[in-house]
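Next comes data.cif, a file with mmCIF, C-alpha atoms, pLDDT in the B column; chains and numbers go by the auth columns.
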data_model
#
loop_
_atom_site.group_PDB
_atom_site.id
_atom_site.type_symbol
_atom_site.label_atom_id
_atom_site.label_comp_id
_atom_site.label_asym_id
_atom_site.label_seq_id
_atom_site.Cartn_x
_atom_site.Cartn_y
_atom_site.Cartn_z
_atom_site.B_iso_or_equiv
_atom_site.auth_seq_id
_atom_site.auth_asym_id
ATOM 1 C CA MET A 1 31.951 -20.654 46.834 51.00 1 A
ATOM 2 C CA SER A 2 31.919 -22.913 43.782 57.00 2 A
ATOM 3 C CA GLU A 3 34.412 -22.439 40.966 59.00 3 A
ATOM 4 C CA ALA A 4 31.656 -21.751 38.428 55.00 4 A
ATOM 5 C CA SER A 5 30.268 -18.883 40.480 53.00 5 A
ATOM 6 C CA MET A 6 33.782 -17.578 41.048 54.00 6 A
ATOM 7 C CA LEU A 7 34.421 -17.462 37.270 54.00 7 A
ATOM 8 C CA SER A 8 31.197 -15.579 36.646 59.00 8 A
ATOM 9 C CA MET A 9 32.213 -12.883 39.140 58.00 9 A
ATOM 10 C CA GLU A 10 35.474 -12.095 37.329 72.00 10 A
ATOM 11 C CA THR A 11 35.617 -8.977 35.235 79.00 11 A
ATOM 12 C CA LEU A 12 36.989 -8.519 31.744 71.00 12 A
ATOM 13 C CA SER A 13 40.115 -6.938 33.180 77.00 13 A
ATOM 14 C CA ASP A 14 40.701 -10.075 35.279 78.00 14 A
ATOM 15 C CA TRP A 15 40.517 -12.220 32.133 75.00 15 A
ATOM 16 C CA ILE A 16 42.886 -9.901 30.280 75.00 16 A
ATOM 17 C CA GLN A 17 45.308 -9.963 33.200 78.00 17 A
ATOM 18 C CA ARG A 18 45.225 -13.768 33.359 75.00 18 A
ATOM 19 C CA GLY A 19 45.808 -13.998 29.612 75.00 19 A
ATOM 20 C CA GLY A 20 49.086 -12.128 29.940 78.00 20 A
ATOM 21 C CA TRP A 21 50.416 -9.025 28.248 84.00 21 A
ATOM 22 C CA VAL A 22 49.537 -10.363 24.784 86.00 22 A
ATOM 23 C CA MET A 23 45.845 -9.851 25.531 86.00 23 A
ATOM 24 C CA SER A 24 46.216 -6.059 25.423 87.00 24 A
ATOM 25 C CA PRO A 25 47.397 -5.881 21.773 90.00 25 A
ATOM 26 C CA ILE A 26 44.737 -8.434 20.789 90.00 26 A
ATOM 27 C CA LEU A 27 42.065 -6.309 22.464 90.00 27 A
ATOM 28 C CA LEU A 28 43.438 -3.207 20.726 92.00 28 A
ATOM 29 C CA CYS A 29 43.267 -5.017 17.364 93.00 29 A
ATOM 30 C CA SER A 30 39.650 -5.953 18.060 92.00 30 A
ATOM 31 C CA LEU A 31 38.724 -2.375 18.906 93.00 31 A
ATOM 32 C CA LEU A 32 40.447 -1.089 15.761 94.00 32 A
ATOM 33 C CA VAL A 33 38.560 -3.569 13.587 93.00 33 A
ATOM 34 C CA VAL A 34 35.230 -2.518 15.098 93.00 34 A
ATOM 35 C CA ALA A 35 36.043 1.188 14.642 93.00 35 A
ATOM 36 C CA ILE A 36 37.200 0.749 11.041 91.00 36 A
ATOM 37 C CA SER A 37 34.183 -1.429 10.238 88.00 37 A
ATOM 38 C CA LEU A 38 31.781 1.203 11.561 88.00 38 A
ATOM 39 C CA GLU A 39 33.594 3.924 9.621 86.00 39 A
ATOM 40 C CA ARG A 40 33.464 1.838 6.427 82.00 40 A
ATOM 41 C CA LEU A 41 29.757 1.213 6.984 80.00 41 A
ATOM 42 C CA LEU A 42 29.140 4.947 7.144 78.00 42 A
ATOM 43 C CA VAL A 43 31.295 5.705 4.095 71.00 43 A
ATOM 44 C CA LEU A 44 29.714 3.014 1.979 69.00 44 A
ATOM 45 C CA GLY A 45 26.255 4.195 2.928 63.00 45 A
ATOM 46 C CA LEU A 46 25.038 0.684 3.623 57.00 46 A
ATOM 47 C CA TRP A 47 22.611 1.933 6.252 54.00 47 A
ATOM 48 C CA GLU A 48 20.320 3.308 3.573 57.00 48 A
ATOM 49 C CA TRP A 49 17.359 1.121 2.650 59.00 49 A
ATOM 50 C CA GLY A 50 16.405 0.506 -0.949 62.00 50 A
ATOM 51 C CA PHE A 51 19.919 1.103 -2.250 65.00 51 A
ATOM 52 C CA THR A 52 19.672 -1.415 -5.100 71.00 52 A
ATOM 53 C CA ALA A 53 16.265 -0.193 -6.250 73.00 53 A
ATOM 54 C CA ARG A 54 17.452 3.417 -6.418 69.00 54 A
ATOM 55 C CA VAL A 55 20.576 2.491 -8.367 70.00 55 A
ATOM 56 C CA ARG A 56 18.490 0.466 -10.831 75.00 56 A
ATOM 57 C CA ARG A 57 16.069 3.363 -11.260 73.00 57 A
ATOM 58 C CA VAL A 58 18.880 5.833 -12.001 70.00 58 A
ATOM 59 C CA ARG A 59 20.552 3.321 -14.348 72.00 59 A
ATOM 60 C CA ALA A 60 17.317 2.773 -16.261 76.00 60 A
ATOM 61 C CA ARG A 61 16.885 6.512 -16.726 72.00 61 A
ATOM 62 C CA LEU A 62 20.442 6.857 -17.951 70.00 62 A
ATOM 63 C CA LEU A 63 20.076 3.972 -20.404 73.00 63 A
ATOM 64 C CA SER A 64 16.830 5.393 -21.740 75.00 64 A
ATOM 65 C CA GLY A 65 18.850 8.363 -22.958 69.00 65 A
ATOM 66 C CA THR A 66 17.046 11.009 -20.971 62.00 66 A
ATOM 67 C CA PRO A 67 18.614 12.232 -17.755 58.00 67 A
ATOM 68 C CA VAL A 68 15.252 12.958 -16.209 51.00 68 A
ATOM 69 C CA ASP A 69 14.813 13.654 -12.519 54.00 69 A
ATOM 70 C CA TRP A 70 18.359 13.086 -11.319 58.00 70 A
ATOM 71 C CA GLU A 71 18.245 11.337 -7.964 61.00 71 A
ATOM 72 C CA VAL A 72 21.754 12.127 -6.827 63.00 72 A
ATOM 73 C CA ARG A 73 20.718 12.839 -3.245 63.00 73 A
ATOM 74 C CA ALA A 74 18.899 9.516 -3.082 65.00 74 A
ATOM 75 C CA LEU A 75 22.065 7.614 -3.899 69.00 75 A
ATOM 76 C CA PRO A 76 24.570 6.501 -1.270 69.00 76 A
ATOM 77 C CA PRO A 77 27.468 8.900 -0.728 71.00 77 A
ATOM 78 C CA SER A 78 29.848 6.534 -2.488 72.00 78 A
ATOM 79 C CA LEU A 79 28.000 6.878 -5.831 76.00 79 A
ATOM 80 C CA ARG A 80 27.173 10.574 -5.730 79.00 80 A
ATOM 81 C CA PRO A 81 30.428 11.853 -7.307 84.00 81 A
ATOM 82 C CA VAL A 82 29.967 9.564 -10.311 82.00 82 A
ATOM 83 C CA MET A 83 26.372 10.658 -10.838 80.00 83 A
ATOM 84 C CA LEU A 84 27.359 14.311 -10.473 82.00 84 A
ATOM 85 C CA ALA A 85 30.049 13.802 -13.138 85.00 85 A
ATOM 86 C CA VAL A 86 27.424 12.219 -15.414 81.00 86 A
ATOM 87 C CA ARG A 87 25.049 15.106 -14.851 78.00 87 A
ATOM 88 C CA GLU A 88 27.717 17.734 -15.537 82.00 88 A
ATOM 89 C CA ASN A 89 28.964 16.030 -18.706 83.00 89 A
ATOM 90 C CA TRP A 90 25.709 14.629 -20.061 77.00 90 A
ATOM 91 C CA SER A 91 25.497 16.980 -23.030 80.00 91 A
ATOM 92 C CA ARG A 92 29.137 16.516 -24.050 85.00 92 A
ATOM 93 C CA SER A 93 30.578 13.770 -26.224 87.00 93 A
ATOM 94 C CA ARG A 94 30.377 10.151 -25.168 84.00 94 A
ATOM 95 C CA ALA A 95 34.177 10.011 -24.792 90.00 95 A
ATOM 96 C CA ARG A 96 34.162 13.048 -22.473 90.00 96 A
ATOM 97 C CA LEU A 97 31.302 11.544 -20.449 85.00 97 A
ATOM 98 C CA GLU A 98 33.166 8.248 -20.011 87.00 98 A
ATOM 99 C CA GLU A 99 36.356 10.081 -19.076 91.00 99 A
ATOM 100 C CA ALA A 100 34.542 12.144 -16.440 90.00 100 A
ATOM 101 C CA MET A 101 32.860 9.032 -15.036 87.00 101 A
ATOM 102 C CA LEU A 102 36.164 7.146 -14.851 91.00 102 A
ATOM 103 C CA PHE A 103 37.877 10.072 -13.140 92.00 103 A
ATOM 104 C CA ALA A 104 35.077 10.341 -10.572 90.00 104 A
ATOM 105 C CA ALA A 105 34.983 6.565 -10.102 88.00 105 A
ATOM 106 C CA HIS A 106 38.726 6.499 -9.458 91.00 106 A
ATOM 107 C CA GLY A 107 38.306 9.030 -6.644 88.00 107 A
ATOM 108 C CA VAL A 108 35.428 7.025 -5.201 84.00 108 A
ATOM 109 C CA LYS A 109 37.474 3.835 -5.418 85.00 109 A
ATOM 110 C CA ARG A 110 40.299 5.413 -3.418 86.00 110 A
ATOM 111 C CA ARG A 111 37.864 6.478 -0.693 82.00 111 A
ATOM 112 C CA LEU A 112 36.191 3.065 -0.620 79.00 112 A
ATOM 113 C CA GLU A 113 39.503 1.250 -0.320 83.00 113 A
ATOM 114 C CA ALA A 114 40.694 3.429 2.539 83.00 114 A
ATOM 115 C CA HIS A 115 41.772 1.497 5.638 85.00 115 A
ATOM 116 C CA LEU A 116 41.666 -1.870 3.834 86.00 116 A
ATOM 117 C CA THR A 117 45.421 -2.196 4.275 90.00 117 A
ATOM 118 C CA THR A 118 44.997 -1.605 7.996 91.00 118 A
ATOM 119 C CA LEU A 119 42.310 -4.300 8.191 90.00 119 A
ATOM 120 C CA SER A 120 44.552 -6.661 6.241 91.00 120 A
ATOM 121 C CA VAL A 121 47.467 -6.115 8.612 93.00 121 A
ATOM 122 C CA ILE A 122 45.258 -6.590 11.668 93.00 122 A
ATOM 123 C CA SER A 123 43.753 -9.777 10.233 92.00 123 A
ATOM 124 C CA GLN A 124 47.250 -11.187 9.783 94.00 124 A
ATOM 125 C CA VAL A 125 48.756 -9.962 13.059 94.00 125 A
ATOM 126 C CA ALA A 126 45.929 -10.771 15.503 92.00 126 A
ATOM 127 C CA PRO A 127 46.027 -14.582 15.044 92.00 127 A
ATOM 128 C CA LEU A 128 49.813 -14.492 15.382 93.00 128 A
ATOM 129 C CA LEU A 129 49.451 -12.575 18.643 91.00 129 A
ATOM 130 C CA GLY A 130 47.040 -15.261 19.843 88.00 130 A
ATOM 131 C CA LEU A 131 49.537 -17.944 18.907 89.00 131 A
ATOM 132 C CA LEU A 132 52.272 -16.023 20.712 89.00 132 A
ATOM 133 C CA GLY A 133 50.101 -15.909 23.837 86.00 133 A
ATOM 134 C CA THR A 134 49.549 -19.660 23.621 85.00 134 A
ATOM 135 C CA VAL A 135 53.261 -20.332 23.251 85.00 135 A
ATOM 136 C CA LEU A 136 54.139 -18.009 26.139 86.00 136 A
ATOM 137 C CA GLY A 137 51.558 -19.728 28.359 82.00 137 A
ATOM 138 C CA MET A 138 52.928 -23.162 27.521 83.00 138 A
ATOM 139 C CA VAL A 139 56.496 -21.948 28.121 84.00 139 A
ATOM 140 C CA ARG A 140 55.387 -20.722 31.525 82.00 140 A
ATOM 141 C CA ALA A 141 53.789 -24.101 32.277 80.00 141 A
ATOM 142 C CA PHE A 142 56.909 -26.043 31.251 82.00 142 A
ATOM 143 C CA LEU A 143 59.097 -23.617 33.177 82.00 143 A
ATOM 144 C CA ALA A 144 57.083 -24.491 36.283 79.00 144 A
ATOM 145 C CA VAL A 145 57.718 -28.210 35.586 79.00 145 A
ATOM 146 C CA GLN A 146 61.436 -27.570 35.192 79.00 146 A
ATOM 147 C CA GLN A 147 61.693 -25.490 38.368 80.00 147 A
ATOM 148 C CA LYS A 148 60.003 -28.232 40.399 78.00 148 A
ATOM 149 C CA GLY A 149 62.349 -30.871 38.981 77.00 149 A
ATOM 150 C CA GLY A 150 59.621 -32.772 37.158 69.00 150 A
ATOM 151 C CA GLU A 151 57.516 -33.419 40.249 75.00 151 A
ATOM 152 C CA VAL A 152 54.759 -30.900 39.899 73.00 152 A
ATOM 153 C CA ASN A 153 51.244 -30.752 41.243 74.00 153 A
ATOM 154 C CA PRO A 154 48.564 -29.554 38.826 76.00 154 A
ATOM 155 C CA SER A 155 48.192 -26.199 40.543 74.00 155 A
ATOM 156 C CA ALA A 156 51.765 -25.285 39.582 69.00 156 A
ATOM 157 C CA LEU A 157 50.900 -25.817 35.907 72.00 157 A
ATOM 158 C CA ALA A 158 47.510 -24.145 36.079 75.00 158 A
ATOM 159 C CA GLY A 159 48.750 -20.568 35.630 71.00 159 A
ATOM 160 C CA GLY A 160 50.630 -21.301 32.393 74.00 160 A
ATOM 161 C CA ILE A 161 47.889 -23.485 30.958 76.00 161 A
ATOM 162 C CA TRP A 162 45.256 -20.897 31.921 73.00 162 A
ATOM 163 C CA GLU A 163 47.284 -18.214 30.128 72.00 163 A
ATOM 164 C CA ALA A 164 47.734 -20.424 27.051 74.00 164 A
ATOM 165 C CA LEU A 165 44.019 -21.194 26.843 75.00 165 A
ATOM 166 C CA LEU A 166 43.003 -17.562 27.164 70.00 166 A
#

Produce structure tokens that represent the structure in this file.
Amino acid sequence: MSEASMLSMETLSDWIQRGGWVMSPILLCSLLVVAISLERLLVLGLWEWGFTARVRRVRARLLSGTPVDWEVRALPPSLRPVMLAVRENWSRSRARLEEAMLFAAHGVKRRLEAHLTTLSVISQVAPLLGLLGTVLGMVRAFLAVQQKGGEVNPSALAGGIWEALL
């Protein structure tokens, strides 16, 4: 059996095992990033088509001075609280309207920024874990050289180099 066909038959778990214990935290980081990204996509409401056109339409109606046909349901979930605050405070003073909008926008901002710290930590830790795996693989390769007294065949180094490359 050729080496190319042997590599294609290996499973993901075989690759993770060959990469050493550092592969598990890296895989966990990857799964967390995917989960947080999907959650952020849902919260931001980016799946809705025509988002920009709807926001422009609502903005134009607000700027015209007549809050006609409020399209709060048509807006993404992230903008709904602000538009509801505008609708509830439309007939009050301009200062009260701005205050209500800012208060609602602050709440929206907190929800939108949720999990960004987690993504930031993962984006800083994951490359360092990869570097740690590389260093550990190279240490293993040089340990094999030392144990053989400097006279090593390539197969003795292969495990450490394979780990470092993964």

**Contacts of stretch 133-135 of chain A within 7 Å, all atoms listed in the file, excl. fewer than 4 positions in-chain, as an MDAnalysis selection string** = chainID A and resid 22 129 139 164:165

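The residues returned by the PyMOL selection byres ((chain A and resi 162) around 12) on the shown structure are Trp15, Ile16, Gln17, Arg18, Gly19, Gly20, Gly133, Thr134, Val135, Leu136, Gly137, Met138, Val139, Arg140, Ala141, Pro154, Ser155, Ala156, Leu157, Ala158, Gly159, Gly160, Ile161, Glu163, Ala164, Leu165 and Leu166 of chain A.
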
**Request:** On this file, the PyMOL selection byres ((chain A and resi 106-114) around 12) gives some set of residues; write that set as JSON, numbers by chain.
**Result:** {"A": [36, 37, 39, 40, 41, 42, 43, 44, 45, 76, 77, 78, 79, 80, 81, 82, 83, 85, 99, 100, 101, 102, 103, 104, 105, 115, 116, 117, 118, 119, 120]}

**Complete:** note - atom CA of A:Leu38 and atom CA of A:Ile26 are separated by 18.6 Å

**Asked** Expressed in Å to a single decimal, how great is the separation between atom CA of A:Thr11 and atom CA of A:Val125?
**Response** 25.8 Å

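Using all atoms listed in the file, the shortest contact distance between A:Leu132 and any of A:Val86, A:Met23, A:Arg61, A:Ala144 is found at A:Met23.
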
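As for atom CA of A:Ser30 and atom CA of A:Ser123, they are spaced 9.6 Å apart.
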
**Asked** For A:Ser24, which residue out of A:Ala126, A:Leu62, A:Val121, A:Ala95 is the nearest one, using only C-alpha atoms?
**Response** A:Ala126
